[in-house]
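Structure file final.cif (mmCIF, C-alpha atoms) follows.
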```cif
data_work
loop_
_atom_site.label_atom_id
_atom_site.label_comp_id
_atom_site.auth_asym_id
_atom_site.auth_seq_id
_atom_site.Cartn_x
_atom_site.Cartn_y
_atom_site.Cartn_z
CA ASP A 25 -90.78 204.75 -53.94
CA GLN A 26 -87.13 205.61 -53.39
CA GLN A 27 -85.21 202.75 -54.98
CA VAL A 28 -81.81 204.27 -54.18
CA LYS A 29 -81.27 205.78 -50.76
CA GLN A 30 -78.50 207.78 -49.22
CA ASN A 31 -79.55 207.95 -45.61
CA SER A 32 -76.91 210.42 -44.45
CA PRO A 33 -77.68 213.93 -45.72
CA SER A 34 -74.27 215.17 -44.61
CA LEU A 35 -70.84 214.03 -43.49
CA SER A 36 -67.93 215.97 -42.06
CA VAL A 37 -64.36 214.63 -41.93
CA GLN A 38 -60.91 215.98 -41.26
CA GLU A 39 -58.46 216.47 -44.08
CA GLY A 40 -56.27 213.41 -44.55
CA ARG A 41 -58.78 211.03 -43.00
CA ILE A 42 -61.06 208.57 -44.76
CA SER A 43 -64.50 209.59 -46.01
CA ILE A 44 -67.07 206.81 -46.30
CA LEU A 45 -70.31 207.53 -48.13
CA ASN A 46 -73.05 204.95 -48.10
CA CYS A 47 -75.87 204.01 -50.42
CA ASP A 48 -78.61 201.38 -50.25
CA TYR A 49 -80.86 200.11 -53.01
CA THR A 50 -84.00 198.03 -53.10
CA ASN A 51 -84.30 196.88 -56.72
CA SER A 52 -82.48 193.58 -57.23
CA MET A 53 -82.48 194.18 -60.99
CA PHE A 54 -79.88 196.93 -60.62
CA ASP A 55 -76.53 195.65 -61.89
CA TYR A 56 -74.48 198.78 -62.52
CA PHE A 57 -73.68 201.45 -59.98
CA LEU A 58 -72.03 204.83 -60.24
CA TRP A 59 -70.87 207.65 -57.98
CA TYR A 60 -70.94 211.30 -58.98
CA LYS A 61 -69.65 214.43 -57.32
CA LYS A 62 -71.50 217.70 -57.72
CA TYR A 63 -70.51 221.25 -56.91
CA PRO A 64 -73.16 223.98 -56.64
CA ALA A 65 -74.33 225.33 -59.99
CA GLU A 66 -72.43 222.65 -61.90
CA GLY A 67 -73.32 219.32 -63.43
CA PRO A 68 -72.52 215.99 -61.78
CA THR A 69 -68.97 214.78 -62.39
CA PHE A 70 -68.50 211.05 -62.89
CA LEU A 71 -66.16 209.53 -60.30
CA ILE A 72 -66.25 205.76 -60.40
CA SER A 73 -68.52 202.86 -61.28
CA ILE A 74 -68.88 199.18 -60.52
CA SER A 75 -70.61 196.29 -62.18
CA SER A 76 -72.49 193.74 -60.09
CA ILE A 77 -70.03 191.05 -61.13
CA LYS A 78 -67.44 192.77 -58.96
CA ASP A 79 -67.39 193.66 -55.30
CA LYS A 80 -64.69 196.31 -55.43
CA ASN A 81 -63.35 198.87 -57.87
CA GLU A 82 -60.52 201.28 -57.21
CA ASP A 83 -59.37 204.42 -58.97
CA GLY A 84 -56.76 206.50 -57.24
CA ARG A 85 -58.13 207.84 -53.97
CA PHE A 86 -61.60 206.49 -54.71
CA THR A 87 -62.76 202.95 -54.01
CA VAL A 88 -66.29 201.64 -54.38
CA PHE A 89 -67.43 198.52 -52.54
CA LEU A 90 -70.53 196.57 -53.48
CA ASN A 91 -72.33 194.14 -51.18
CA LYS A 92 -75.03 192.56 -53.31
CA SER A 93 -76.55 190.46 -50.57
CA ALA A 94 -77.08 193.55 -48.45
CA LYS A 95 -77.96 195.72 -51.46
CA HIS A 96 -75.42 198.22 -50.23
CA LEU A 97 -72.56 200.12 -51.77
CA SER A 98 -70.09 202.56 -50.35
CA LEU A 99 -67.56 205.05 -51.64
CA HIS A 100 -64.28 205.44 -49.78
CA ILE A 101 -62.11 208.50 -50.32
CA VAL A 102 -58.60 208.24 -48.92
CA PRO A 103 -57.06 210.61 -48.06
CA SER A 104 -59.80 213.20 -48.03
CA GLN A 105 -58.93 216.67 -49.30
CA PRO A 106 -60.74 220.01 -48.87
CA GLY A 107 -61.42 220.02 -52.64
CA ASP A 108 -63.51 216.88 -52.13
CA SER A 109 -66.14 218.97 -50.36
CA ALA A 110 -69.24 218.57 -52.54
CA VAL A 111 -72.51 216.68 -52.82
CA TYR A 112 -72.04 213.02 -53.68
CA PHE A 113 -74.74 211.05 -55.50
CA CYS A 114 -74.91 207.33 -56.00
CA ALA A 115 -76.85 206.05 -58.98
CA ALA A 116 -77.96 202.65 -60.25
CA SER A 117 -79.10 201.19 -63.53
CA THR A 118 -80.28 197.92 -65.07
CA THR A 119 -78.13 197.21 -68.11
CA SER A 120 -80.38 194.43 -69.37
CA SER A 121 -83.28 196.81 -69.90
CA ASN A 122 -83.81 198.78 -73.11
CA THR A 123 -82.70 201.94 -71.34
CA GLY A 124 -79.69 202.87 -69.29
CA LYS A 125 -81.54 205.39 -67.20
CA LEU A 126 -79.91 206.14 -63.88
CA ILE A 127 -81.83 206.14 -60.63
CA PHE A 128 -80.21 208.58 -58.21
CA GLY A 129 -80.11 208.80 -54.46
CA GLN A 130 -80.84 212.07 -52.72
CA GLY A 131 -77.17 212.91 -52.20
CA THR A 132 -74.79 213.30 -49.27
CA THR A 133 -73.03 216.58 -48.64
CA LEU A 134 -69.39 215.96 -47.71
CA GLN A 135 -67.40 218.61 -45.92
CA VAL A 136 -63.67 218.07 -45.56
CA LYS A 137 -62.19 220.35 -42.95
CA PRO A 138 -58.58 221.56 -43.29
CA ASN B 25 -62.19 216.91 -76.10
CA ALA B 26 -65.17 219.08 -75.39
CA GLY B 27 -67.54 217.71 -72.80
CA VAL B 28 -71.29 217.75 -72.87
CA MET B 29 -72.40 221.26 -73.78
CA GLN B 30 -75.69 222.67 -72.59
CA ASN B 31 -77.16 226.04 -73.36
CA PRO B 32 -78.37 228.33 -72.15
CA ARG B 33 -76.96 228.01 -68.64
CA HIS B 34 -79.76 230.13 -67.24
CA LEU B 35 -83.19 230.67 -68.72
CA VAL B 36 -85.93 232.89 -67.38
CA ARG B 37 -89.44 232.51 -68.70
CA ARG B 38 -92.83 233.88 -67.71
CA ARG B 39 -95.72 231.53 -67.13
CA GLY B 40 -97.21 230.38 -70.43
CA GLN B 41 -94.06 230.87 -72.48
CA GLU B 42 -92.01 228.14 -74.12
CA ALA B 43 -88.59 226.97 -72.97
CA ARG B 44 -86.08 225.31 -75.26
CA LEU B 45 -83.03 223.65 -73.74
CA ARG B 46 -80.19 222.42 -75.92
CA CYS B 47 -77.64 219.70 -75.40
CA SER B 48 -74.67 218.71 -77.54
CA PRO B 49 -73.24 215.35 -76.45
CA MET B 50 -69.59 214.52 -76.18
CA LYS B 51 -67.87 213.71 -79.45
CA GLY B 52 -68.50 210.13 -80.41
CA HIS B 53 -71.51 209.78 -78.09
CA SER B 54 -74.84 209.04 -79.73
CA HIS B 55 -76.89 208.40 -76.58
CA VAL B 56 -78.44 211.31 -74.72
CA TYR B 57 -80.29 211.39 -71.42
CA TRP B 58 -82.19 214.26 -69.81
CA TYR B 59 -82.61 214.56 -66.04
CA ARG B 60 -84.32 217.14 -63.87
CA GLN B 61 -83.34 218.23 -60.40
CA LEU B 62 -85.99 220.01 -58.40
CA PRO B 63 -84.87 222.10 -55.41
CA GLU B 64 -83.64 219.96 -52.50
CA GLU B 65 -84.07 216.73 -54.47
CA GLY B 66 -81.90 214.28 -56.38
CA LEU B 67 -81.82 213.98 -60.14
CA LYS B 68 -84.80 212.34 -61.80
CA PHE B 69 -84.67 210.65 -65.20
CA MET B 70 -86.84 212.17 -67.91
CA VAL B 71 -85.98 210.74 -71.32
CA TYR B 72 -83.41 208.69 -73.22
CA LEU B 73 -82.76 209.34 -76.89
CA GLN B 74 -80.59 208.01 -79.65
CA LYS B 75 -80.17 209.80 -82.95
CA GLU B 76 -83.67 210.36 -84.37
CA ASN B 77 -85.24 207.99 -81.85
CA ILE B 78 -86.85 208.28 -78.45
CA ILE B 79 -85.99 205.07 -76.61
CA ASP B 80 -87.48 205.70 -73.17
CA GLU B 81 -89.63 208.65 -72.18
CA SER B 82 -91.08 207.09 -69.06
CA GLY B 83 -89.92 210.00 -66.89
CA MET B 84 -91.40 212.76 -69.03
CA PRO B 85 -94.58 214.52 -67.93
CA LYS B 86 -97.34 213.54 -70.33
CA GLU B 87 -98.20 217.08 -71.34
CA ARG B 88 -96.19 220.12 -72.39
CA PHE B 89 -92.81 218.31 -72.46
CA SER B 90 -91.14 216.91 -75.56
CA ALA B 91 -87.63 215.95 -76.60
CA GLU B 92 -85.82 215.28 -79.82
CA PHE B 93 -82.35 214.32 -80.99
CA PRO B 94 -82.18 214.99 -84.72
CA LYS B 95 -79.70 213.48 -87.14
CA GLU B 96 -77.87 216.80 -87.24
CA GLY B 97 -77.60 219.23 -84.37
CA PRO B 98 -78.13 219.13 -80.63
CA SER B 99 -80.77 217.39 -78.60
CA ILE B 100 -83.63 219.69 -77.62
CA LEU B 101 -85.84 219.51 -74.54
CA ARG B 102 -88.92 221.63 -75.11
CA ILE B 103 -91.35 222.75 -72.44
CA GLN B 104 -94.49 224.45 -73.65
CA GLN B 105 -96.64 226.79 -71.56
CA VAL B 106 -94.26 226.72 -68.62
CA VAL B 107 -95.58 226.86 -65.06
CA ARG B 108 -93.77 227.77 -61.84
CA GLY B 109 -93.40 224.10 -60.95
CA ASP B 110 -91.15 223.65 -63.99
CA SER B 111 -88.48 225.77 -62.30
CA ALA B 112 -85.55 223.39 -61.85
CA ALA B 113 -82.10 222.47 -63.07
CA TYR B 114 -82.20 220.37 -66.23
CA PHE B 115 -79.18 218.21 -66.93
CA CYS B 116 -78.19 216.39 -70.06
CA ALA B 117 -75.87 213.39 -70.07
CA SER B 118 -74.31 211.46 -72.90
CA SER B 119 -72.89 207.98 -73.23
CA PRO B 120 -70.98 206.15 -75.94
CA LEU B 121 -72.83 202.93 -75.19
CA PRO B 122 -76.46 201.97 -75.54
CA ARG B 123 -78.44 201.18 -72.44
CA GLY B 124 -76.18 202.75 -69.91
CA GLY B 125 -72.55 202.52 -69.05
CA ASP B 126 -70.93 205.62 -67.72
CA GLN B 127 -72.88 208.80 -68.38
CA TYR B 128 -71.20 212.19 -68.57
CA PHE B 129 -73.14 215.26 -67.62
CA GLY B 130 -73.27 218.81 -68.84
CA ALA B 131 -73.33 221.84 -66.55
CA GLY B 132 -77.10 222.07 -66.74
CA THR B 133 -79.69 224.69 -67.59
CA ARG B 134 -81.34 226.44 -64.70
CA LEU B 135 -84.88 227.33 -65.64
CA SER B 136 -86.70 229.97 -63.63
CA VAL B 137 -90.38 230.56 -64.30
CA LEU B 138 -91.72 233.90 -63.08
#
```
Can you dump the structure from the file as structure tokens?
Amino acid sequence: DQQVKQNSPSLSVQEGRISILNCDYTNSMFDYFLWYKKYPAEGPTFLISISSIKDKNEDGRFTVFLNKSAKHLSLHIVPSQPGDSAVYFCAASTTSSNTGKLIFGQGTTLQVKP
Amino acid sequence: NAGVMQNPRHLVRRRGQEARLRCSPMKGHSHVYWYRQLPEEGLKFMVYLQKENIIDESGMPKERFSAEFPKEGPSILRIQQVVRGDSAAYFCASSPLPRGGDQYFGAGTRLSVL
């Protein structure tokens, strides 16, 4: 039962262009969403988060959009840089529960070509 | 401003031995989460602890696995009588807030069972 899905295993974009990574979820109780970047042999690095009371959050080159009716979120990276090449995970949690455990998607490997 | 510290980074054990993984949260964080990443999979929640308390262990295998977060010292994830299927990357995350918010991850411990 995959509650958080990243349907694109990989994505390749040209340097300077926009990268759009997508994530879908099925559990309507999720109300907090996060994106992480992960390099091989390292831990996930927190990028950006969004609460369900918002539909957009921006931090520098990173913007996360949330469409609650579609149970869909996306991460936009503009402009993309070669150093952005990594695996990107979306994660979701239910803040009203007694635990803040994160449910992760399977990840999307982004390659930014110079 | 040290981040989440995990040690050892790599651990090799033979079947039947015990594995102890340690995690020191970020300064000021009293909430610790453990996740496991099996090869070619996303991260899966194992357990959520506060100081001296296990809050949610719904992701922990029922046997051989235990976790603690004592009043003093790091959080410990203990795996008794390891089997080959325990080979994975184990990540610890910490948060300053209860029940979620942004979680910050350590570099992980890669356990290999021979």
Given the file above and the PyMOL selection byres ((chain B and resi 76) around 8), which residues are selected, and can you give them as an NGL selection string? :B and (73-75 or 77-78 or 92-95)
Quick one: everything within 12 Å of Leu121 in chain B, counting only C-alpha atoms, minus sequence neighbours fewer than 3 positions away in the same chain. Send it as a PyMOL selection string. (chain A and resi 119+122-124) or (chain B and resi 52-57+73-74+118+124-128)
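Here CA of Ala94 in chain A is placed at a distance of 11.9 Å from CA of Asp79 in chain A.
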Mind listing as a PDB file with C-alpha atoms, in the coordinates of the input which residues of chain A are within 12 Å of chain B, counting only C-alpha atoms?
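Writing the result to out32.pdb gives the following:
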```pdb
ATOM      1  CA  GLN A  26     -87.130 205.610 -53.390  1.00  0.00           C
ATOM      2  CA  GLN A  27     -85.210 202.750 -54.980  1.00  0.00           C
ATOM      3  CA  VAL A  28     -81.810 204.270 -54.180  1.00  0.00           C
ATOM      4  CA  LYS A  29     -81.270 205.780 -50.760  1.00  0.00           C
ATOM      5  CA  GLN A  30     -78.500 207.780 -49.220  1.00  0.00           C
ATOM      6  CA  PRO A  33     -77.680 213.930 -45.720  1.00  0.00           C
ATOM      7  CA  PHE A  54     -79.880 196.930 -60.620  1.00  0.00           C
ATOM      8  CA  ASP A  55     -76.530 195.650 -61.890  1.00  0.00           C
ATOM      9  CA  TYR A  56     -74.480 198.780 -62.520  1.00  0.00           C
ATOM     10  CA  PHE A  57     -73.680 201.450 -59.980  1.00  0.00           C
ATOM     11  CA  LEU A  58     -72.030 204.830 -60.240  1.00  0.00           C
ATOM     12  CA  TRP A  59     -70.870 207.650 -57.980  1.00  0.00           C
ATOM     13  CA  TYR A  60     -70.940 211.300 -58.980  1.00  0.00           C
ATOM     14  CA  LYS A  61     -69.650 214.430 -57.320  1.00  0.00           C
ATOM     15  CA  LYS A  62     -71.500 217.700 -57.720  1.00  0.00           C
ATOM     16  CA  TYR A  63     -70.510 221.250 -56.910  1.00  0.00           C
ATOM     17  CA  PRO A  64     -73.160 223.980 -56.640  1.00  0.00           C
ATOM     18  CA  ALA A  65     -74.330 225.330 -59.990  1.00  0.00           C
ATOM     19  CA  GLU A  66     -72.430 222.650 -61.900  1.00  0.00           C
ATOM     20  CA  GLY A  67     -73.320 219.320 -63.430  1.00  0.00           C
ATOM     21  CA  PRO A  68     -72.520 215.990 -61.780  1.00  0.00           C
ATOM     22  CA  THR A  69     -68.970 214.780 -62.390  1.00  0.00           C
ATOM     23  CA  PHE A  70     -68.500 211.050 -62.890  1.00  0.00           C
ATOM     24  CA  LEU A  71     -66.160 209.530 -60.300  1.00  0.00           C
ATOM     25  CA  ILE A  72     -66.250 205.760 -60.400  1.00  0.00           C
ATOM     26  CA  SER A  73     -68.520 202.860 -61.280  1.00  0.00           C
ATOM     27  CA  ILE A  74     -68.880 199.180 -60.520  1.00  0.00           C
ATOM     28  CA  SER A  75     -70.610 196.290 -62.180  1.00  0.00           C
ATOM     29  CA  VAL A 111     -72.510 216.680 -52.820  1.00  0.00           C
ATOM     30  CA  TYR A 112     -72.040 213.020 -53.680  1.00  0.00           C
ATOM     31  CA  PHE A 113     -74.740 211.050 -55.500  1.00  0.00           C
ATOM     32  CA  CYS A 114     -74.910 207.330 -56.000  1.00  0.00           C
ATOM     33  CA  ALA A 115     -76.850 206.050 -58.980  1.00  0.00           C
ATOM     34  CA  ALA A 116     -77.960 202.650 -60.250  1.00  0.00           C
ATOM     35  CA  SER A 117     -79.100 201.190 -63.530  1.00  0.00           C
ATOM     36  CA  THR A 118     -80.280 197.920 -65.070  1.00  0.00           C
ATOM     37  CA  THR A 119     -78.130 197.210 -68.110  1.00  0.00           C
ATOM     38  CA  SER A 120     -80.380 194.430 -69.370  1.00  0.00           C
ATOM     39  CA  SER A 121     -83.280 196.810 -69.900  1.00  0.00           C
ATOM     40  CA  ASN A 122     -83.810 198.780 -73.110  1.00  0.00           C
ATOM     41  CA  THR A 123     -82.700 201.940 -71.340  1.00  0.00           C
ATOM     42  CA  GLY A 124     -79.690 202.870 -69.290  1.00  0.00           C
ATOM     43  CA  LYS A 125     -81.540 205.390 -67.200  1.00  0.00           C
ATOM     44  CA  LEU A 126     -79.910 206.140 -63.880  1.00  0.00           C
ATOM     45  CA  ILE A 127     -81.830 206.140 -60.630  1.00  0.00           C
ATOM     46  CA  PHE A 128     -80.210 208.580 -58.210  1.00  0.00           C
ATOM     47  CA  GLY A 129     -80.110 208.800 -54.460  1.00  0.00           C
ATOM     48  CA  GLN A 130     -80.840 212.070 -52.720  1.00  0.00           C
ATOM     49  CA  GLY A 131     -77.170 212.910 -52.200  1.00  0.00           C
ATOM     50  CA  THR A 132     -74.790 213.300 -49.270  1.00  0.00           C
ATOM     51  CA  THR A 133     -73.030 216.580 -48.640  1.00  0.00           C
TER      52      THR A 133
END
```
Decode the PyMOL selection byres ((chain B and resi 111) around 9) for the given file into explicit residues and return them as a PyMOL selection string. chain B and resi 62-63+106-110+112-113+134-138
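One finds CA of Gln135 in chain A at 6.4 Å from CA of Val37 in chain A.
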Because the input lacks atoms here, generate all heavy atoms for range 112-123 of chain A and report them as a CSV table (one decimal), in the coordinates of the input.
```csv
chain,number,residue,atom,x,y,z
A,112,TYR,N,-72.3,214.3,-53.0
A,112,TYR,CA,-72.0,213.0,-53.7
A,112,TYR,C,-73.3,212.2,-53.9
A,112,TYR,O,-74.1,212.1,-53.0
A,112,TYR,CB,-71.1,212.2,-52.9
A,112,TYR,CG,-69.7,212.7,-52.9
A,112,TYR,CD1,-69.3,213.9,-52.1
A,112,TYR,CD2,-68.7,212.2,-53.7
A,112,TYR,CE1,-68.1,214.4,-52.2
A,112,TYR,CE2,-67.4,212.7,-53.8
A,112,TYR,CZ,-67.1,213.9,-53.0
A,112,TYR,OH,-65.9,214.4,-53.1
A,113,PHE,N,-73.5,211.8,-55.1
A,113,PHE,CA,-74.7,211.0,-55.5
A,113,PHE,C,-74.3,209.6,-55.9
A,113,PHE,O,-73.4,209.5,-56.7
A,113,PHE,CB,-75.5,211.7,-56.7
A,113,PHE,CG,-76.1,213.0,-56.4
A,113,PHE,CD1,-75.5,214.2,-56.7
A,113,PHE,CD2,-77.4,213.1,-55.8
A,113,PHE,CE1,-76.1,215.4,-56.4
A,113,PHE,CE2,-78.0,214.3,-55.5
A,113,PHE,CZ,-77.4,215.4,-55.8
A,114,CYS,N,-75.0,208.7,-55.4
A,114,CYS,CA,-74.9,207.3,-56.0
A,114,CYS,C,-76.1,207.1,-57.0
A,114,CYS,O,-77.1,207.8,-56.8
A,114,CYS,CB,-74.9,206.2,-54.9
A,114,CYS,SG,-76.4,206.0,-54.0
A,115,ALA,N,-75.8,206.3,-58.0
A,115,ALA,CA,-76.8,206.0,-59.0
A,115,ALA,C,-76.8,204.6,-59.4
A,115,ALA,O,-75.7,203.9,-59.3
A,115,ALA,CB,-76.6,207.0,-60.2
A,116,ALA,N,-77.9,204.1,-59.9
A,116,ALA,CA,-78.0,202.6,-60.2
A,116,ALA,C,-78.7,202.5,-61.6
A,116,ALA,O,-79.6,203.3,-61.9
A,116,ALA,CB,-78.7,201.8,-59.1
A,117,SER,N,-78.4,201.5,-62.3
A,117,SER,CA,-79.1,201.2,-63.5
A,117,SER,C,-79.2,199.7,-63.8
A,117,SER,O,-78.5,198.9,-63.1
A,117,SER,CB,-78.4,201.8,-64.7
A,117,SER,OG,-77.2,201.2,-65.0
A,118,THR,N,-80.1,199.3,-64.7
A,118,THR,CA,-80.3,197.9,-65.1
A,118,THR,C,-79.8,197.8,-66.5
A,118,THR,O,-80.6,198.2,-67.4
A,118,THR,CB,-81.8,197.5,-64.9
A,118,THR,OG1,-82.2,197.8,-63.6
A,118,THR,CG2,-81.9,196.1,-65.3
A,119,THR,N,-78.7,197.2,-66.8
A,119,THR,CA,-78.1,197.2,-68.1
A,119,THR,C,-78.9,196.3,-69.1
A,119,THR,O,-78.7,196.4,-70.3
A,119,THR,CB,-76.6,196.8,-68.1
A,119,THR,OG1,-76.5,195.6,-67.5
A,119,THR,CG2,-75.8,197.9,-67.3
A,120,SER,N,-79.7,195.4,-68.5
A,120,SER,CA,-80.4,194.4,-69.4
A,120,SER,C,-81.7,195.0,-69.9
A,120,SER,O,-82.3,194.5,-70.8
A,120,SER,CB,-80.7,193.1,-68.6
A,120,SER,OG,-81.5,193.4,-67.5
A,121,SER,N,-82.0,196.2,-69.4
A,121,SER,CA,-83.3,196.8,-69.9
A,121,SER,C,-83.0,197.5,-71.2
A,121,SER,O,-81.8,197.6,-71.6
A,121,SER,CB,-83.8,197.8,-68.9
A,121,SER,OG,-83.0,198.9,-68.8
A,122,ASN,N,-84.0,198.1,-71.8
A,122,ASN,CA,-83.8,198.8,-73.1
A,122,ASN,C,-83.3,200.2,-72.9
A,122,ASN,O,-83.2,201.0,-73.8
A,122,ASN,CB,-85.1,198.8,-73.9
A,122,ASN,CG,-86.2,199.7,-73.3
A,122,ASN,OD1,-86.2,199.9,-72.1
A,122,ASN,ND2,-87.1,200.2,-74.1
A,123,THR,N,-83.1,200.6,-71.7
A,123,THR,CA,-82.7,201.9,-71.3
A,123,THR,C,-81.6,201.9,-70.3
A,123,THR,O,-81.6,201.0,-69.5
A,123,THR,CB,-83.9,202.8,-70.8
A,123,THR,OG1,-83.4,204.1,-70.4
A,123,THR,CG2,-84.6,202.1,-69.7
```
